[in-house]
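> Below is the file model_14.txt, which contains compact mmCIF, N, CA and C atoms.
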```
# COMPACT_ATOMS: atom_id res chain seq x y z
N MET Z 1 0.84 -1.18 0.00
CA MET Z 1 0.00 0.00 0.00
C MET Z 1 0.89 1.25 0.00
N THR Z 2 0.54 2.23 -0.83
CA THR Z 2 1.34 3.45 -0.91
C THR Z 2 0.54 4.64 -0.37
N ASP Z 3 1.26 5.71 -0.10
CA ASP Z 3 0.63 6.92 0.41
C ASP Z 3 0.44 7.97 -0.68
N GLU Z 4 0.60 7.57 -1.94
CA GLU Z 4 0.59 8.58 -3.00
C GLU Z 4 -0.75 9.29 -3.14
N TYR Z 5 -1.84 8.70 -2.67
CA TYR Z 5 -3.15 9.33 -2.79
C TYR Z 5 -3.63 9.95 -1.48
N GLU Z 6 -2.78 9.95 -0.47
CA GLU Z 6 -3.16 10.55 0.80
C GLU Z 6 -3.23 12.05 0.67
N THR Z 7 -4.14 12.66 1.37
CA THR Z 7 -4.27 14.12 1.33
C THR Z 7 -4.05 14.68 2.72
N LEU Z 8 -3.66 15.94 2.74
CA LEU Z 8 -3.50 16.64 4.00
C LEU Z 8 -4.87 16.99 4.53
N ARG Z 9 -5.09 16.72 5.79
CA ARG Z 9 -6.38 17.06 6.41
C ARG Z 9 -6.23 18.39 7.13
N TRP Z 10 -7.12 19.31 6.82
CA TRP Z 10 -7.08 20.64 7.41
C TRP Z 10 -8.07 20.70 8.56
N PRO Z 11 -7.64 21.16 9.71
CA PRO Z 11 -8.60 21.33 10.80
C PRO Z 11 -9.45 22.57 10.53
N THR Z 12 -10.69 22.36 10.16
CA THR Z 12 -11.55 23.48 9.79
C THR Z 12 -12.44 23.91 10.95
N ASN Z 13 -12.10 23.50 12.14
CA ASN Z 13 -12.91 23.90 13.28
C ASN Z 13 -12.06 24.50 14.39
N LEU Z 14 -11.03 25.23 14.02
CA LEU Z 14 -10.21 25.90 15.02
C LEU Z 14 -11.01 27.02 15.66
N ASP Z 15 -10.98 27.10 16.97
CA ASP Z 15 -11.59 28.22 17.66
C ASP Z 15 -10.56 29.33 17.81
N ARG Z 16 -10.92 30.40 18.50
CA ARG Z 16 -9.99 31.52 18.64
C ARG Z 16 -8.68 31.08 19.29
N ALA Z 17 -8.76 30.24 20.32
CA ALA Z 17 -7.54 29.78 20.99
C ALA Z 17 -6.64 29.00 20.03
N GLY Z 18 -7.23 28.16 19.19
CA GLY Z 18 -6.46 27.39 18.22
C GLY Z 18 -5.85 28.28 17.16
N ILE Z 19 -6.61 29.29 16.74
CA ILE Z 19 -6.10 30.25 15.76
C ILE Z 19 -4.94 31.04 16.35
N GLU Z 20 -5.12 31.52 17.57
CA GLU Z 20 -4.05 32.29 18.21
C GLU Z 20 -2.80 31.46 18.40
N LYS Z 21 -2.96 30.20 18.76
CA LYS Z 21 -1.80 29.32 18.96
C LYS Z 21 -0.98 29.23 17.68
N ARG Z 22 -1.63 29.04 16.57
CA ARG Z 22 -0.92 28.95 15.29
C ARG Z 22 -0.28 30.28 14.90
N LEU Z 23 -0.97 31.37 15.20
CA LEU Z 23 -0.42 32.68 14.85
C LEU Z 23 0.75 33.06 15.75
N VAL Z 24 0.76 32.59 16.98
CA VAL Z 24 1.92 32.79 17.85
C VAL Z 24 3.12 32.08 17.24
N GLU Z 25 2.92 30.87 16.71
CA GLU Z 25 4.01 30.14 16.05
C GLU Z 25 4.51 30.92 14.84
N VAL Z 26 3.60 31.51 14.07
CA VAL Z 26 3.98 32.32 12.92
C VAL Z 26 4.77 33.54 13.40
N ARG Z 27 4.24 34.21 14.42
CA ARG Z 27 4.89 35.41 14.96
C ARG Z 27 6.29 35.11 15.47
N ASP Z 28 6.45 33.94 16.08
CA ASP Z 28 7.73 33.57 16.68
C ASP Z 28 8.64 32.78 15.73
N SER Z 29 8.32 32.77 14.45
CA SER Z 29 9.07 31.99 13.47
C SER Z 29 10.43 32.58 13.12
N GLY Z 30 10.68 33.80 13.55
CA GLY Z 30 11.96 34.43 13.24
C GLY Z 30 11.91 35.33 12.01
N VAL Z 31 10.74 35.47 11.40
CA VAL Z 31 10.59 36.34 10.24
C VAL Z 31 10.04 37.68 10.76
N THR Z 32 10.89 38.68 10.75
CA THR Z 32 10.57 39.97 11.35
C THR Z 32 9.28 40.57 10.82
N GLU Z 33 9.07 40.52 9.52
CA GLU Z 33 7.88 41.12 8.93
C GLU Z 33 6.61 40.46 9.48
N LEU Z 34 6.64 39.16 9.61
CA LEU Z 34 5.47 38.44 10.13
C LEU Z 34 5.25 38.75 11.60
N ALA Z 35 6.30 38.88 12.35
CA ALA Z 35 6.18 39.21 13.77
C ALA Z 35 5.45 40.54 13.93
N GLY Z 36 5.73 41.47 13.05
CA GLY Z 36 5.08 42.77 13.11
C GLY Z 36 3.58 42.70 12.87
N PHE Z 37 3.15 41.82 11.98
CA PHE Z 37 1.72 41.69 11.69
C PHE Z 37 0.95 41.18 12.90
N PHE Z 38 1.61 40.39 13.74
CA PHE Z 38 0.90 39.71 14.82
C PHE Z 38 1.35 40.11 16.22
N SER Z 39 2.04 41.25 16.33
CA SER Z 39 2.40 41.71 17.67
C SER Z 39 1.10 42.13 18.37
N GLY Z 40 0.92 41.69 19.57
CA GLY Z 40 -0.30 42.01 20.31
C GLY Z 40 -1.54 41.30 19.82
N LEU Z 41 -1.38 40.17 19.16
CA LEU Z 41 -2.52 39.48 18.57
C LEU Z 41 -3.56 39.08 19.61
N GLU Z 42 -3.13 38.84 20.83
CA GLU Z 42 -4.07 38.42 21.88
C GLU Z 42 -5.10 39.51 22.19
N LYS Z 43 -4.78 40.76 21.85
CA LYS Z 43 -5.68 41.87 22.13
C LYS Z 43 -6.43 42.35 20.89
N MET Z 44 -6.16 41.74 19.74
CA MET Z 44 -6.80 42.16 18.50
C MET Z 44 -8.26 41.71 18.46
N THR Z 45 -9.08 42.54 17.83
CA THR Z 45 -10.46 42.13 17.58
C THR Z 45 -10.45 41.08 16.47
N SER Z 46 -11.58 40.44 16.28
CA SER Z 46 -11.68 39.45 15.20
C SER Z 46 -11.38 40.08 13.85
N ALA Z 47 -11.90 41.29 13.63
CA ALA Z 47 -11.67 41.99 12.36
C ALA Z 47 -10.19 42.32 12.17
N GLN Z 48 -9.54 42.79 13.22
CA GLN Z 48 -8.12 43.11 13.14
C GLN Z 48 -7.29 41.87 12.87
N LEU Z 49 -7.65 40.79 13.54
CA LEU Z 49 -6.92 39.53 13.35
C LEU Z 49 -7.08 39.03 11.93
N GLY Z 50 -8.30 39.07 11.42
CA GLY Z 50 -8.55 38.65 10.04
C GLY Z 50 -7.77 39.48 9.04
N ALA Z 51 -7.75 40.80 9.25
CA ALA Z 51 -7.01 41.69 8.36
C ALA Z 51 -5.51 41.39 8.41
N ALA Z 52 -4.99 41.11 9.60
CA ALA Z 52 -3.56 40.79 9.74
C ALA Z 52 -3.22 39.49 9.01
N VAL Z 53 -4.11 38.50 9.08
CA VAL Z 53 -3.87 37.22 8.40
C VAL Z 53 -3.84 37.44 6.89
N VAL Z 54 -4.80 38.20 6.37
CA VAL Z 54 -4.86 38.47 4.93
C VAL Z 54 -3.62 39.24 4.48
N THR Z 55 -3.20 40.24 5.26
CA THR Z 55 -2.01 41.02 4.94
C THR Z 55 -0.76 40.13 4.95
N ALA Z 56 -0.66 39.26 5.95
CA ALA Z 56 0.49 38.36 6.03
C ALA Z 56 0.51 37.39 4.85
N LEU Z 57 -0.65 36.87 4.48
CA LEU Z 57 -0.71 35.98 3.32
C LEU Z 57 -0.28 36.70 2.05
N SER Z 58 -0.70 37.94 1.90
CA SER Z 58 -0.29 38.72 0.73
C SER Z 58 1.21 38.92 0.72
N TRP Z 59 1.78 39.23 1.89
CA TRP Z 59 3.23 39.46 1.99
C TRP Z 59 4.02 38.19 1.67
N ILE Z 60 3.56 37.06 2.16
CA ILE Z 60 4.34 35.82 2.05
C ILE Z 60 4.19 35.15 0.68
N GLN Z 61 3.19 35.57 -0.06
CA GLN Z 61 2.95 35.00 -1.39
C GLN Z 61 4.19 35.17 -2.27
N GLY Z 62 4.60 34.13 -2.92
CA GLY Z 62 5.76 34.19 -3.80
C GLY Z 62 7.09 34.08 -3.08
N LYS Z 63 7.06 33.69 -1.80
CA LYS Z 63 8.29 33.50 -1.04
C LYS Z 63 8.39 32.02 -0.66
N PRO Z 64 8.85 31.19 -1.59
CA PRO Z 64 8.86 29.74 -1.36
C PRO Z 64 9.69 29.31 -0.14
N GLU Z 65 10.62 30.14 0.28
CA GLU Z 65 11.43 29.78 1.45
C GLU Z 65 10.59 29.80 2.73
N HIS Z 66 9.41 30.39 2.67
CA HIS Z 66 8.53 30.46 3.84
C HIS Z 66 7.26 29.62 3.64
N ARG Z 67 7.32 28.62 2.78
CA ARG Z 67 6.13 27.83 2.46
C ARG Z 67 5.49 27.20 3.70
N HIS Z 68 6.30 26.71 4.64
CA HIS Z 68 5.74 26.08 5.84
C HIS Z 68 4.94 27.08 6.67
N ILE Z 69 5.36 28.33 6.67
CA ILE Z 69 4.63 29.37 7.40
C ILE Z 69 3.36 29.74 6.62
N ALA Z 70 3.46 29.80 5.32
CA ALA Z 70 2.29 30.11 4.49
C ALA Z 70 1.20 29.06 4.71
N THR Z 71 1.60 27.81 4.88
CA THR Z 71 0.63 26.75 5.13
C THR Z 71 -0.13 27.00 6.43
N GLN Z 72 0.59 27.43 7.46
CA GLN Z 72 -0.07 27.75 8.74
C GLN Z 72 -1.06 28.90 8.55
N LEU Z 73 -0.64 29.92 7.82
CA LEU Z 73 -1.53 31.07 7.58
C LEU Z 73 -2.76 30.66 6.78
N GLU Z 74 -2.58 29.80 5.80
CA GLU Z 74 -3.71 29.32 5.01
C GLU Z 74 -4.70 28.56 5.88
N MET Z 75 -4.17 27.75 6.79
CA MET Z 75 -5.02 26.99 7.70
C MET Z 75 -5.82 27.94 8.59
N VAL Z 76 -5.16 28.97 9.09
CA VAL Z 76 -5.85 29.96 9.92
C VAL Z 76 -6.91 30.69 9.09
N ALA Z 77 -6.56 31.07 7.88
CA ALA Z 77 -7.50 31.80 7.03
C ALA Z 77 -8.78 31.00 6.80
N MET Z 78 -8.64 29.70 6.65
CA MET Z 78 -9.82 28.84 6.46
C MET Z 78 -10.71 28.82 7.69
N ASN Z 79 -10.16 29.19 8.83
CA ASN Z 79 -10.90 29.13 10.09
C ASN Z 79 -11.33 30.50 10.61
N LEU Z 80 -11.06 31.56 9.88
CA LEU Z 80 -11.42 32.90 10.36
C LEU Z 80 -12.90 33.03 10.65
N LYS Z 81 -13.72 32.29 9.94
CA LYS Z 81 -15.17 32.35 10.16
C LYS Z 81 -15.54 31.90 11.58
N ASN Z 82 -14.63 31.17 12.25
CA ASN Z 82 -14.91 30.68 13.59
C ASN Z 82 -14.58 31.68 14.69
N LEU Z 83 -13.97 32.80 14.34
CA LEU Z 83 -13.62 33.80 15.35
C LEU Z 83 -14.89 34.40 15.95
N LYS Z 84 -14.87 34.55 17.23
CA LYS Z 84 -15.98 35.21 17.92
C LYS Z 84 -15.65 36.69 18.05
N LYS Z 85 -16.64 37.52 18.01
CA LYS Z 85 -16.42 38.96 18.12
C LYS Z 85 -16.00 39.35 19.50
```
Since I need it in another form, could you write the structure as structure tokens?


Amino acid sequence: MTDEYETLRWPTNLDRAGIEKRLVEVRDSGVTELAGFFSGLEKMTSAQLGAAVVTALSWIQGKPEHRHIATQLEMVAMNLKNLKK
């Protein structure tokens, strides 16, 4: 049996705590620009957090050296609808 047809499963039910946990990892990844987008994320409103995620995704687009971080941001973006106000 091979794994060639296996797919990545995305957790589409992250709550705010799960979203923040992943964004802390992004913030602490050592990429200065990303750290700036998410400084003080624990105090951001849902709208501010969503805007920061979209801005970070736009910034990281086309930077293959940061693909693993982009994947985290994509996962968070899929879950933004779960943020509570």

> Point out the residue among Z:Ser46, Z:Ser29, Z:Ser39, Z:Leu23 with the least atom-to-atom distance to Leu83 of chain Z, counting only C-alpha atoms.

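That would be Z:Ser46, the residue with the smallest distance to Leu83 of chain Z.
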
> Quote the spacing between atom N of Thr55 of chain Z and atom C of Gln72 of chain Z in Å to one decimal place.

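Going from atom N of Thr55 of chain Z over to atom C of Gln72 of chain Z covers 12.0 Å.
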
> Expressed in Å to a single decimal, how great is the separation between atom CA of Ala52 of chain Z and atom CA of Phe38 of chain Z?

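Separation of atom CA of Ala52 of chain Z and atom CA of Phe38 of chain Z: 6.8 Å.
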
> To one decimal in Å, tell me the separation between atom CA of Leu49 of chain Z and atom CA of Glu74 of chain Z.

13.6 Å

> Could you go through chain Z and tell me which residues DSSP, when run on the backbone, assigns to alpha helix (DSSP H), listing them as number ranges by chain?

Z: 16-27, 32-37, 46-60, 67-79

> Since the input lacks atoms, please generate all heavy atoms for segment 41-52 of chain Z and provide them as a PDB file, in the frame of the given file.


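Below you can see out-v1.pdb, which holds the result:
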```pdb
ATOM      1  N   LEU Z  41      -1.380  40.170  19.160  1.00  0.00           N
ATOM      2  CA  LEU Z  41      -2.520  39.480  18.570  1.00  0.00           C
ATOM      3  C   LEU Z  41      -3.560  39.080  19.610  1.00  0.00           C
ATOM      4  O   LEU Z  41      -4.742  39.002  19.314  1.00  0.00           O
ATOM      5  CB  LEU Z  41      -2.082  38.271  17.740  1.00  0.00           C
ATOM      6  CG  LEU Z  41      -1.606  36.997  18.421  1.00  0.00           C
ATOM      7  CD1 LEU Z  41      -2.745  36.045  18.674  1.00  0.00           C
ATOM      8  CD2 LEU Z  41      -0.595  36.313  17.541  1.00  0.00           C
ATOM      9  N   GLU Z  42      -3.130  38.840  20.830  1.00  0.00           N
ATOM     10  CA  GLU Z  42      -4.070  38.420  21.880  1.00  0.00           C
ATOM     11  C   GLU Z  42      -5.100  39.510  22.190  1.00  0.00           C
ATOM     12  O   GLU Z  42      -6.172  39.224  22.714  1.00  0.00           O
ATOM     13  CB  GLU Z  42      -3.301  38.045  23.156  1.00  0.00           C
ATOM     14  CG  GLU Z  42      -2.378  36.858  22.995  1.00  0.00           C
ATOM     15  CD  GLU Z  42      -0.982  37.196  22.444  1.00  0.00           C
ATOM     16  OE1 GLU Z  42      -0.709  38.376  22.137  1.00  0.00           O
ATOM     17  OE2 GLU Z  42      -0.177  36.268  22.313  1.00  0.00           O
ATOM     18  N   LYS Z  43      -4.780  40.760  21.850  1.00  0.00           N
ATOM     19  CA  LYS Z  43      -5.680  41.870  22.130  1.00  0.00           C
ATOM     20  C   LYS Z  43      -6.430  42.350  20.890  1.00  0.00           C
ATOM     21  O   LYS Z  43      -7.229  43.271  20.969  1.00  0.00           O
ATOM     22  CB  LYS Z  43      -4.903  43.040  22.745  1.00  0.00           C
ATOM     23  CG  LYS Z  43      -4.309  42.696  24.092  1.00  0.00           C
ATOM     24  CD  LYS Z  43      -3.512  43.848  24.636  1.00  0.00           C
ATOM     25  CE  LYS Z  43      -2.863  43.436  25.952  1.00  0.00           C
ATOM     26  NZ  LYS Z  43      -1.991  44.494  26.465  1.00  0.00           N
ATOM     27  N   MET Z  44      -6.160  41.740  19.740  1.00  0.00           N
ATOM     28  CA  MET Z  44      -6.800  42.160  18.500  1.00  0.00           C
ATOM     29  C   MET Z  44      -8.260  41.710  18.460  1.00  0.00           C
ATOM     30  O   MET Z  44      -8.603  40.646  18.965  1.00  0.00           O
ATOM     31  CB  MET Z  44      -6.085  41.546  17.289  1.00  0.00           C
ATOM     32  CG  MET Z  44      -4.734  42.094  17.002  1.00  0.00           C
ATOM     33  SD  MET Z  44      -4.055  41.253  15.530  1.00  0.00           S
ATOM     34  CE  MET Z  44      -2.560  42.156  15.287  1.00  0.00           C
ATOM     35  N   THR Z  45      -9.080  42.540  17.830  1.00  0.00           N
ATOM     36  CA  THR Z  45     -10.460  42.130  17.580  1.00  0.00           C
ATOM     37  C   THR Z  45     -10.450  41.080  16.470  1.00  0.00           C
ATOM     38  O   THR Z  45      -9.444  40.905  15.771  1.00  0.00           O
ATOM     39  CB  THR Z  45     -11.321  43.325  17.130  1.00  0.00           C
ATOM     40  OG1 THR Z  45     -10.837  43.782  15.857  1.00  0.00           O
ATOM     41  CG2 THR Z  45     -11.299  44.449  18.157  1.00  0.00           C
ATOM     42  N   SER Z  46     -11.580  40.440  16.280  1.00  0.00           N
ATOM     43  CA  SER Z  46     -11.680  39.450  15.200  1.00  0.00           C
ATOM     44  C   SER Z  46     -11.380  40.080  13.850  1.00  0.00           C
ATOM     45  O   SER Z  46     -10.687  39.497  13.016  1.00  0.00           O
ATOM     46  CB  SER Z  46     -13.072  38.824  15.193  1.00  0.00           C
ATOM     47  OG  SER Z  46     -13.301  38.137  16.392  1.00  0.00           O
ATOM     48  N   ALA Z  47     -11.900  41.290  13.630  1.00  0.00           N
ATOM     49  CA  ALA Z  47     -11.670  41.990  12.360  1.00  0.00           C
ATOM     50  C   ALA Z  47     -10.190  42.320  12.170  1.00  0.00           C
ATOM     51  O   ALA Z  47      -9.643  42.148  11.070  1.00  0.00           O
ATOM     52  CB  ALA Z  47     -12.516  43.252  12.284  1.00  0.00           C
ATOM     53  N   GLN Z  48      -9.540  42.790  13.220  1.00  0.00           N
ATOM     54  CA  GLN Z  48      -8.120  43.110  13.140  1.00  0.00           C
ATOM     55  C   GLN Z  48      -7.290  41.870  12.870  1.00  0.00           C
ATOM     56  O   GLN Z  48      -6.352  41.890  12.063  1.00  0.00           O
ATOM     57  CB  GLN Z  48      -7.653  43.777  14.438  1.00  0.00           C
ATOM     58  CG  GLN Z  48      -8.195  45.160  14.655  1.00  0.00           C
ATOM     59  CD  GLN Z  48      -7.916  45.673  16.054  1.00  0.00           C
ATOM     60  OE1 GLN Z  48      -7.887  44.919  17.034  1.00  0.00           O
ATOM     61  NE2 GLN Z  48      -7.702  46.982  16.167  1.00  0.00           N
ATOM     62  N   LEU Z  49      -7.650  40.790  13.540  1.00  0.00           N
ATOM     63  CA  LEU Z  49      -6.920  39.530  13.350  1.00  0.00           C
ATOM     64  C   LEU Z  49      -7.080  39.030  11.930  1.00  0.00           C
ATOM     65  O   LEU Z  49      -6.113  38.623  11.282  1.00  0.00           O
ATOM     66  CB  LEU Z  49      -7.435  38.495  14.357  1.00  0.00           C
ATOM     67  CG  LEU Z  49      -6.522  37.359  14.724  1.00  0.00           C
ATOM     68  CD1 LEU Z  49      -5.163  37.841  15.184  1.00  0.00           C
ATOM     69  CD2 LEU Z  49      -7.166  36.511  15.807  1.00  0.00           C
ATOM     70  N   GLY Z  50      -8.300  39.070  11.420  1.00  0.00           N
ATOM     71  CA  GLY Z  50      -8.550  38.650  10.040  1.00  0.00           C
ATOM     72  C   GLY Z  50      -7.770  39.480   9.040  1.00  0.00           C
ATOM     73  O   GLY Z  50      -7.180  38.960   8.097  1.00  0.00           O
ATOM     74  N   ALA Z  51      -7.750  40.800   9.250  1.00  0.00           N
ATOM     75  CA  ALA Z  51      -7.010  41.690   8.360  1.00  0.00           C
ATOM     76  C   ALA Z  51      -5.510  41.390   8.410  1.00  0.00           C
ATOM     77  O   ALA Z  51      -4.835  41.387   7.371  1.00  0.00           O
ATOM     78  CB  ALA Z  51      -7.269  43.146   8.728  1.00  0.00           C
ATOM     79  N   ALA Z  52      -4.990  41.110   9.600  1.00  0.00           N
ATOM     80  CA  ALA Z  52      -3.560  40.790   9.740  1.00  0.00           C
ATOM     81  C   ALA Z  52      -3.220  39.490   9.010  1.00  0.00           C
ATOM     82  O   ALA Z  52      -2.172  39.388   8.374  1.00  0.00           O
ATOM     83  CB  ALA Z  52      -3.187  40.685  11.219  1.00  0.00           C
TER      84      ALA Z  52
END
```
